[in-house]
Every structure is written in C-alpha cells, then in structure tokens.
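Colleague: If you scroll down you'll find the structure; I have some questions about it.
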Amino acid sequence: MRITIITAFILVSVILPQTTETRDDLKKFYDQYQVEGSFVLFDQTNDKYIFYNKSKYKQPYTPASTFKICNSLIGLEAGVINDDNFVIPWDSVTRLVPAWNQDQDLKTAFKNSTVWYYQELARRVGGDKMKYSLDKANYGNADTSGGIDRFWLSGGLRITPEQQIDFLRRLHDNTLPFSQRTIDIVKNIMIAKDTLCYVVRAKTGWGEQDDTNIGWYVGYIVTKDNVYYFANCIQTKNSENTDFAKARIEIVYLILDYLILL
C-alpha cells in the first residue's frame, strides 16, 4: 500500500494538468486596429494555453500565405527545389508588390511572400504528390480542390488556429514526415527576429473568405528556457482598412509585451 501511494504521488507530481486562460482584455489590441480576431499562445514549459476569442480556436480559415511553410517543406522534400538558394526566374509579369518583380530564391520568396514563386513550386510538385504530402503531414483539411496553384488561396484548403499550433509544434519538434535537412532549411528561412534572448520563426498570411479579409501571423518563439507558439487570426470586411497588413504582426508583439514574455 505504501509503495502504491508513493507511486501515485510521483505520477501526480510529474504529470501536471494542462491549464488554459482566457484573456478578454486582449480585445483592446484588436480594437486599436479596427479588426476582429482571435489569438492563442501555447506555453510549452508550463503546458498552458492563453486564449482570446477561444470560440474561434477550432474555426477553419483559408491559410493563405501561412501555407508557404508547408509548401516549402513539400517542395524541398519532393526535390523540385534543391535548397533555399534555388532560383525561379521572374516571368516578367509586373505585379502589385514591387519586391515580387524579379528573380526569386526560396529565401526571398518566403520573406517577400512571393505568390508566383510558390505557385510555380506547387505546379512542379504536381497534384498527386501535393495531396499525398498534405495528407501525410496532416495539414489542415488537406483539401487541394480549386487548382494546384490556387487551392491555398481561393480553393478548398482550410486550417484552424488549433491546427496551426499543432503543425508548428510538430515542426519545432522535428516530428513532421520530412527529412531533417528539409526541416532545418525551412526553420532557417522562417526566422523573423533573432536576438540574444529569443528567436522568432513566423509567417504572415492574407486571404479572402466569405467576402471577409483574413489575416494571419503564426509562428513560435524560442527563448533560453522555453518555447511559445502563437496563432493570430484577424478579420475585417472593410477593404479600406490600411492598417490590416501590419495589424497581423503588430497585435502579436503588443500582446507578447503585455504578457511580459519578451
């Protein structure tokens, strides 16, 4: 009996319950940019989730350019691009974003969120291999309907904030079904901030769904003793909101500063 009690005490001490916290006070940051939205932060060391608008945690949205994380992994693993220096020549079509109107390699295409580069990458991967890879990686709903170069933009692919966090955790933990070389390359191009105290790996996204603008900023922060995963998803029907693009990112850092994480 004594041994059983001691064993039970050890198990309870080691396996701590996962905790959650809802922070309605984070609404002020969304109001500041005149957008709706939801936020989730997962604190790995403390096994704790912090939510704003938790009801949207399982809501599926178009991934838009956040899919470039997965698309990069698939392109590298399929061998259609060799590494992060692989150049796809510009097709000379002038697009609205000036940074897109030149030759791109994987690094610049990821940083500039160059749509045409990733569309060509997807075409080179092909429909069958793309669908197989999405299923294997368990990415969102893995729906590739809408065209091989459009399914994550205006097609059927959807992902929830919950699935974004899950995918990022598996990426960080090297448990996605891709080689370590592929994962390491993608982790490198994802670096958005690199300081003495922490490193942020992240990706933005901007798409449209049901006549609503959908904005993402997803990623994870590695500190000296912890990892924090985040997914910010904002929405607006106001196409004239000129702050929408920066709101995706700035809301995240306002929240992190407010929670005294960095």
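Every chain in the structure tokens has a letter given in the order shown (A, B, ...), and although residue numbers restart at 1 in each chain, ligands are simply numbered from 1 in the order shown.
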Based on DSSP run over this structure's backbone, return all residues of region 55-235 of chain A in alpha helix (DSSP H), as a ChimeraX atom specification.
Modeller: /A:68-78,106-111,115-125,127-137,161-172,180-189
Colleague: Just want the 10 Å neighbourhood of Thr22 (chain A), counted on only C-alpha atoms, with same-chain residues fewer than 6 positions away dropped. Output as a tab-separated table (two decimals) with all heavy atoms, in the first residue's frame.
Modeller:
```tsv
chain	number	residue	atom	x	y	z
A	39	PHE	N	-6.72	34.96	-30.83
A	39	PHE	CA	-5.31	34.75	-30.54
A	39	PHE	C	-5.17	33.54	-29.62
A	39	PHE	O	-5.97	33.35	-28.71
A	39	PHE	CB	-4.72	35.99	-29.85
A	39	PHE	CG	-3.27	35.86	-29.47
A	39	PHE	CD1	-2.28	36.08	-30.41
A	39	PHE	CD2	-2.91	35.51	-28.18
A	39	PHE	CE1	-0.93	35.96	-30.07
A	39	PHE	CE2	-1.58	35.40	-27.82
A	39	PHE	CZ	-0.58	35.63	-28.76
A	40	VAL	N	-4.13	32.74	-29.88
A	40	VAL	CA	-3.82	31.65	-28.97
A	40	VAL	C	-2.31	31.60	-28.78
A	40	VAL	O	-1.55	31.79	-29.74
A	40	VAL	CB	-4.35	30.29	-29.48
A	40	VAL	CG1	-3.82	29.98	-30.87
A	40	VAL	CG2	-3.98	29.17	-28.51
A	49	TYR	N	-2.25	27.12	-22.25
A	49	TYR	CA	-2.80	27.87	-23.37
A	49	TYR	C	-3.41	29.17	-22.87
A	49	TYR	O	-4.13	29.18	-21.88
A	49	TYR	CB	-3.89	27.07	-24.08
A	49	TYR	CG	-3.39	25.94	-24.96
A	49	TYR	CD1	-3.20	24.67	-24.44
A	49	TYR	CD2	-3.11	26.16	-26.31
A	49	TYR	CE1	-2.75	23.63	-25.25
A	49	TYR	CE2	-2.66	25.13	-27.12
A	49	TYR	CZ	-2.49	23.88	-26.58
A	49	TYR	OH	-2.04	22.85	-27.38
A	50	ILE	N	-3.12	30.25	-23.58
A	50	ILE	CA	-3.76	31.53	-23.33
A	50	ILE	C	-4.58	31.89	-24.57
A	50	ILE	O	-4.05	31.87	-25.69
A	50	ILE	CB	-2.73	32.64	-23.04
A	50	ILE	CG1	-1.96	32.30	-21.75
A	50	ILE	CG2	-3.40	34.00	-22.91
A	50	ILE	CD1	-0.84	33.28	-21.43
A	51	PHE	N	-5.86	32.20	-24.37
A	51	PHE	CA	-6.76	32.45	-25.49
A	51	PHE	C	-7.36	33.85	-25.45
A	51	PHE	O	-7.63	34.39	-24.38
A	51	PHE	CB	-7.96	31.47	-25.45
A	51	PHE	CG	-7.61	30.03	-25.68
A	51	PHE	CD1	-7.48	29.16	-24.60
A	51	PHE	CD2	-7.43	29.52	-26.97
A	51	PHE	CE1	-7.18	27.82	-24.80
A	51	PHE	CE2	-7.11	28.20	-27.16
A	51	PHE	CZ	-6.99	27.34	-26.08
A	52	TYR	N	-7.58	34.38	-26.62
A	52	TYR	CA	-8.51	35.48	-26.81
A	52	TYR	C	-9.49	35.02	-27.89
A	52	TYR	O	-9.07	34.56	-28.95
A	52	TYR	CB	-7.82	36.77	-27.25
A	52	TYR	CG	-8.81	37.82	-27.72
A	52	TYR	CD1	-9.69	38.39	-26.81
A	52	TYR	CD2	-8.90	38.20	-29.05
A	52	TYR	CE1	-10.64	39.32	-27.22
A	52	TYR	CE2	-9.82	39.13	-29.47
A	52	TYR	CZ	-10.69	39.68	-28.56
A	52	TYR	OH	-11.64	40.59	-28.96
A	53	ASN	N	-10.79	35.11	-27.61
A	53	ASN	CA	-11.82	34.59	-28.51
A	53	ASN	C	-11.64	33.08	-28.73
A	53	ASN	O	-11.49	32.61	-29.87
A	53	ASN	CB	-11.83	35.33	-29.85
A	53	ASN	CG	-12.88	36.42	-29.89
A	53	ASN	OD1	-13.68	36.57	-28.95
A	53	ASN	ND2	-12.89	37.18	-30.97
A	54	LYS	N	-11.64	32.35	-27.65
A	54	LYS	CA	-11.41	30.90	-27.72
A	54	LYS	C	-12.43	30.20	-28.61
A	54	LYS	O	-12.14	29.13	-29.17
A	54	LYS	CB	-11.46	30.31	-26.30
A	54	LYS	CG	-11.08	28.84	-26.26
A	54	LYS	CD	-11.13	28.30	-24.83
A	54	LYS	CE	-10.77	26.82	-24.80
A	54	LYS	NZ	-10.85	26.27	-23.42
```
Colleague: For CA of Leu26 (chain A) and CA of Pro63 (chain A), determine how far apart the two atoms are, in Å to one decimal place.
Modeller: 23.0 Å
Colleague: For Leu157 (chain A), which residue out of A:Lys131, A:His172, A:Arg181, A:Lys27 is the nearest one, using only C-alpha atoms?
Modeller: A:Lys131
Colleague: Excluding Trp100 (chain A) and its own-chain neighbours fewer than 6 positions away, which residues fall within 9 Å of it when counting only C-alpha atoms? Please give them as a list in words.
Modeller: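 Selected residues are Trp90, Thr94, Ala109, Asn112, Ser113, Thr114, Val115, Trp116 and Tyr117 of chain A.
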Colleague: Quick one: write out the picked residues with N, CA, C and O atoms as a PDB file, in the first residue's frame?
Modeller:
```pdb
ATOM      1  N   TRP A  90      11.901  35.212 -62.715  1.00  0.00           N
ATOM      2  CA  TRP A  90      10.690  36.036 -62.819  1.00  0.00           C
ATOM      3  C   TRP A  90      10.118  35.915 -64.225  1.00  0.00           C
ATOM      4  O   TRP A  90      10.857  35.941 -65.218  1.00  0.00           O
ATOM      5  N   THR A  94       4.452  42.132 -64.387  1.00  0.00           N
ATOM      6  CA  THR A  94       4.522  43.117 -63.307  1.00  0.00           C
ATOM      7  C   THR A  94       3.334  42.939 -62.369  1.00  0.00           C
ATOM      8  O   THR A  94       2.181  42.955 -62.794  1.00  0.00           O
ATOM      9  N   ALA A 109      11.577  34.520 -51.590  1.00  0.00           N
ATOM     10  CA  ALA A 109      10.157  34.247 -51.841  1.00  0.00           C
ATOM     11  C   ALA A 109       9.398  34.086 -50.538  1.00  0.00           C
ATOM     12  O   ALA A 109       8.246  34.529 -50.417  1.00  0.00           O
ATOM     13  N   ASN A 112       9.390  37.703 -48.810  1.00  0.00           N
ATOM     14  CA  ASN A 112       8.518  38.645 -49.508  1.00  0.00           C
ATOM     15  C   ASN A 112       7.123  38.092 -49.749  1.00  0.00           C
ATOM     16  O   ASN A 112       6.270  38.783 -50.307  1.00  0.00           O
ATOM     17  N   SER A 113       6.908  36.852 -49.337  1.00  0.00           N
ATOM     18  CA  SER A 113       5.631  36.169 -49.545  1.00  0.00           C
ATOM     19  C   SER A 113       5.229  36.210 -51.026  1.00  0.00           C
ATOM     20  O   SER A 113       4.100  36.549 -51.378  1.00  0.00           O
ATOM     21  N   THR A 114       6.186  35.838 -51.867  1.00  0.00           N
ATOM     22  CA  THR A 114       6.019  35.925 -53.312  1.00  0.00           C
ATOM     23  C   THR A 114       5.093  34.817 -53.818  1.00  0.00           C
ATOM     24  O   THR A 114       5.486  33.646 -53.910  1.00  0.00           O
ATOM     25  N   VAL A 115       3.885  35.192 -54.169  1.00  0.00           N
ATOM     26  CA  VAL A 115       2.866  34.219 -54.549  1.00  0.00           C
ATOM     27  C   VAL A 115       3.266  33.429 -55.795  1.00  0.00           C
ATOM     28  O   VAL A 115       3.149  32.198 -55.832  1.00  0.00           O
ATOM     29  N   TRP A 116       3.765  34.112 -56.834  1.00  0.00           N
ATOM     30  CA  TRP A 116       4.032  33.403 -58.092  1.00  0.00           C
ATOM     31  C   TRP A 116       5.108  32.333 -57.933  1.00  0.00           C
ATOM     32  O   TRP A 116       5.062  31.289 -58.598  1.00  0.00           O
ATOM     33  N   TYR A 117       6.084  32.562 -57.061  1.00  0.00           N
ATOM     34  CA  TYR A 117       7.140  31.569 -56.826  1.00  0.00           C
ATOM     35  C   TYR A 117       6.542  30.286 -56.269  1.00  0.00           C
ATOM     36  O   TYR A 117       6.843  29.174 -56.734  1.00  0.00           O
TER      37      TYR A 117
END
```
Colleague: What are the closest atom pairs, with distances in Å to one decimal, for all residues of region 11-53 of chain A lying within 6 Å of region 234-240 of chain A? Consider only C-alpha atoms, order rows by chain and residue number, and present the result as CSV.
Modeller:
```
residue,atom,partner,partner_atom,distance
A:Val35,CA,A:Thr236,CA,5.4
A:Glu36,CA,A:Gln235,CA,5.1
A:Gly37,CA,A:Ile234,CA,4.0
```
Colleague: My list of candidates is A:Thr223, A:Asn101, A:Ser72, A:Thr108. Which is closest to Gln44 (chain A) when distances are computed with only C-alpha atoms?
Modeller: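 Smallest separation from Gln44 (chain A) among the options: A:Thr223.
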Colleague: Which residues are close to Leu153 (chain A), i.e. within 7 Å by only C-alpha atoms, leaving aside same-chain residues fewer than 2 positions away? Reply as a list in words.
Modeller: Thr62, Ala64, Arg150, Phe151, Gly155 and Gly207 of chain A
Colleague: How would the residues just picked look written out with N, CA and C atoms as a tab-separated table (two decimals), in the first residue's frame?
Modeller:
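This went into part16.tsv:
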```tsv
chain	number	residue	atom	x	y	z
A	62	THR	N	-9.08	30.05	-44.55
A	62	THR	CA	-8.07	29.88	-45.59
A	62	THR	C	-6.69	30.15	-44.99
A	64	ALA	N	-4.05	30.97	-46.64
A	64	ALA	CA	-3.35	31.97	-47.43
A	64	ALA	C	-1.84	31.69	-47.39
A	150	ARG	N	-3.82	27.29	-56.77
A	150	ARG	CA	-4.78	28.19	-56.14
A	150	ARG	C	-5.43	27.63	-54.88
A	151	PHE	N	-5.23	26.35	-54.59
A	151	PHE	CA	-6.05	25.72	-53.55
A	151	PHE	C	-5.86	26.32	-52.17
A	155	GLY	N	-9.04	28.24	-53.07
A	155	GLY	CA	-9.61	26.90	-53.17
A	155	GLY	C	-10.14	26.37	-51.86
A	207	GLY	N	-5.71	36.48	-46.96
A	207	GLY	CA	-6.60	35.92	-47.97
A	207	GLY	C	-8.01	36.45	-47.81
```
Colleague: For a test of reading the model, state the distance in Å between CA of Tyr118 (chain A) and CA of Asp91 (chain A), rounded to one decimal.
Modeller: 13.1 Å
Colleague: May I have the residues within 9 Å of Met190 (chain A) as an mmCIF file with N, CA, C and O atoms, in the first residue's frame, using only C-alpha atoms and disregarding those fewer than 5 positions away in the same chain?
Modeller:
```
data_model
loop_
_atom_site.group_PDB
_atom_site.id
_atom_site.type_symbol
_atom_site.label_atom_id
_atom_site.label_comp_id
_atom_site.auth_asym_id
_atom_site.auth_seq_id
_atom_site.Cartn_x
_atom_site.Cartn_y
_atom_site.Cartn_z
ATOM 1 N N ILE A 69 4.846 27.772 -45.402
ATOM 2 C CA ILE A 69 5.680 26.925 -44.535
ATOM 3 C C ILE A 69 5.613 25.484 -45.022
ATOM 4 O O ILE A 69 6.641 24.843 -45.287
ATOM 5 N N LYS A 107 14.527 31.779 -50.137
ATOM 6 C CA LYS A 107 14.665 32.714 -49.015
ATOM 7 C C LYS A 107 13.882 33.993 -49.276
ATOM 8 O O LYS A 107 13.119 34.455 -48.424
ATOM 9 N N PHE A 110 10.024 33.468 -49.539
ATOM 10 C CA PHE A 110 9.385 33.310 -48.239
ATOM 11 C C PHE A 110 9.308 34.658 -47.531
ATOM 12 O O PHE A 110 8.255 35.043 -47.012
ATOM 13 N N LYS A 111 10.400 35.398 -47.533
ATOM 14 C CA LYS A 111 10.441 36.694 -46.853
ATOM 15 C C LYS A 111 9.455 37.675 -47.476
ATOM 16 O O LYS A 111 8.744 38.401 -46.756
ATOM 17 N N ILE A 185 16.168 23.576 -43.240
ATOM 18 C CA ILE A 185 16.154 24.665 -44.222
ATOM 19 C C ILE A 185 14.945 25.565 -43.991
ATOM 20 O O ILE A 185 15.049 26.800 -43.995
ATOM 21 N N VAL A 200 12.444 34.335 -33.149
ATOM 22 C CA VAL A 200 11.076 34.190 -33.623
ATOM 23 C C VAL A 200 11.099 33.604 -35.031
ATOM 24 O O VAL A 200 11.790 34.129 -35.915
ATOM 25 N N ARG A 201 10.366 32.512 -35.223
ATOM 26 C CA ARG A 201 10.135 31.950 -36.558
ATOM 27 C C ARG A 201 8.647 32.092 -36.853
ATOM 28 O O ARG A 201 7.826 31.660 -36.038
ATOM 29 N N ALA A 202 8.315 32.700 -38.006
ATOM 30 C CA ALA A 202 6.908 33.036 -38.228
ATOM 31 C C ALA A 202 6.609 33.235 -39.705
ATOM 32 O O ALA A 202 7.510 33.331 -40.535
ATOM 33 N N LYS A 203 5.297 33.307 -39.985
ATOM 34 C CA LYS A 203 4.833 33.597 -41.353
ATOM 35 C C LYS A 203 3.509 34.340 -41.300
ATOM 36 O O LYS A 203 2.626 34.009 -40.505
ATOM 37 N N GLY A 219 3.523 31.400 -35.679
ATOM 38 C CA GLY A 219 4.921 31.044 -35.507
ATOM 39 C C GLY A 219 5.230 30.593 -34.098
ATOM 40 O O GLY A 219 4.327 30.261 -33.322
#
```
Colleague: Can you pull out the residues contacting Cys233 (chain A)? Cut-off 6 Å, using only C-alpha atoms, and skip same-chain residues under 5 positions away; I want them as an mmCIF file with N, CA, C and O atoms, in the first residue's frame.
Modeller:
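So the final result, stored in selection.cif, reads:
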```
data_model
loop_
_atom_site.group_PDB
_atom_site.id
_atom_site.type_symbol
_atom_site.label_atom_id
_atom_site.label_comp_id
_atom_site.auth_asym_id
_atom_site.auth_seq_id
_atom_site.Cartn_x
_atom_site.Cartn_y
_atom_site.Cartn_z
ATOM 1 N N GLY A 37 -10.900 39.343 -34.350
ATOM 2 C CA GLY A 37 -9.849 38.340 -34.409
ATOM 3 C C GLY A 37 -9.805 37.421 -33.208
ATOM 4 O O GLY A 37 -10.632 37.505 -32.290
ATOM 5 N N SER A 38 -8.832 36.528 -33.258
ATOM 6 C CA SER A 38 -8.613 35.587 -32.157
ATOM 7 C C SER A 38 -7.120 35.355 -32.021
ATOM 8 O O SER A 38 -6.352 35.534 -32.977
ATOM 9 N N GLY A 215 -6.522 37.640 -42.071
ATOM 10 C CA GLY A 215 -5.094 37.878 -41.881
ATOM 11 C C GLY A 215 -4.514 36.969 -40.808
ATOM 12 O O GLY A 215 -5.129 36.784 -39.754
ATOM 13 N N TRP A 216 -3.341 36.423 -41.085
ATOM 14 C CA TRP A 216 -2.670 35.518 -40.139
ATOM 15 C C TRP A 216 -1.277 36.044 -39.766
ATOM 16 O O TRP A 216 -0.613 36.684 -40.586
#
```
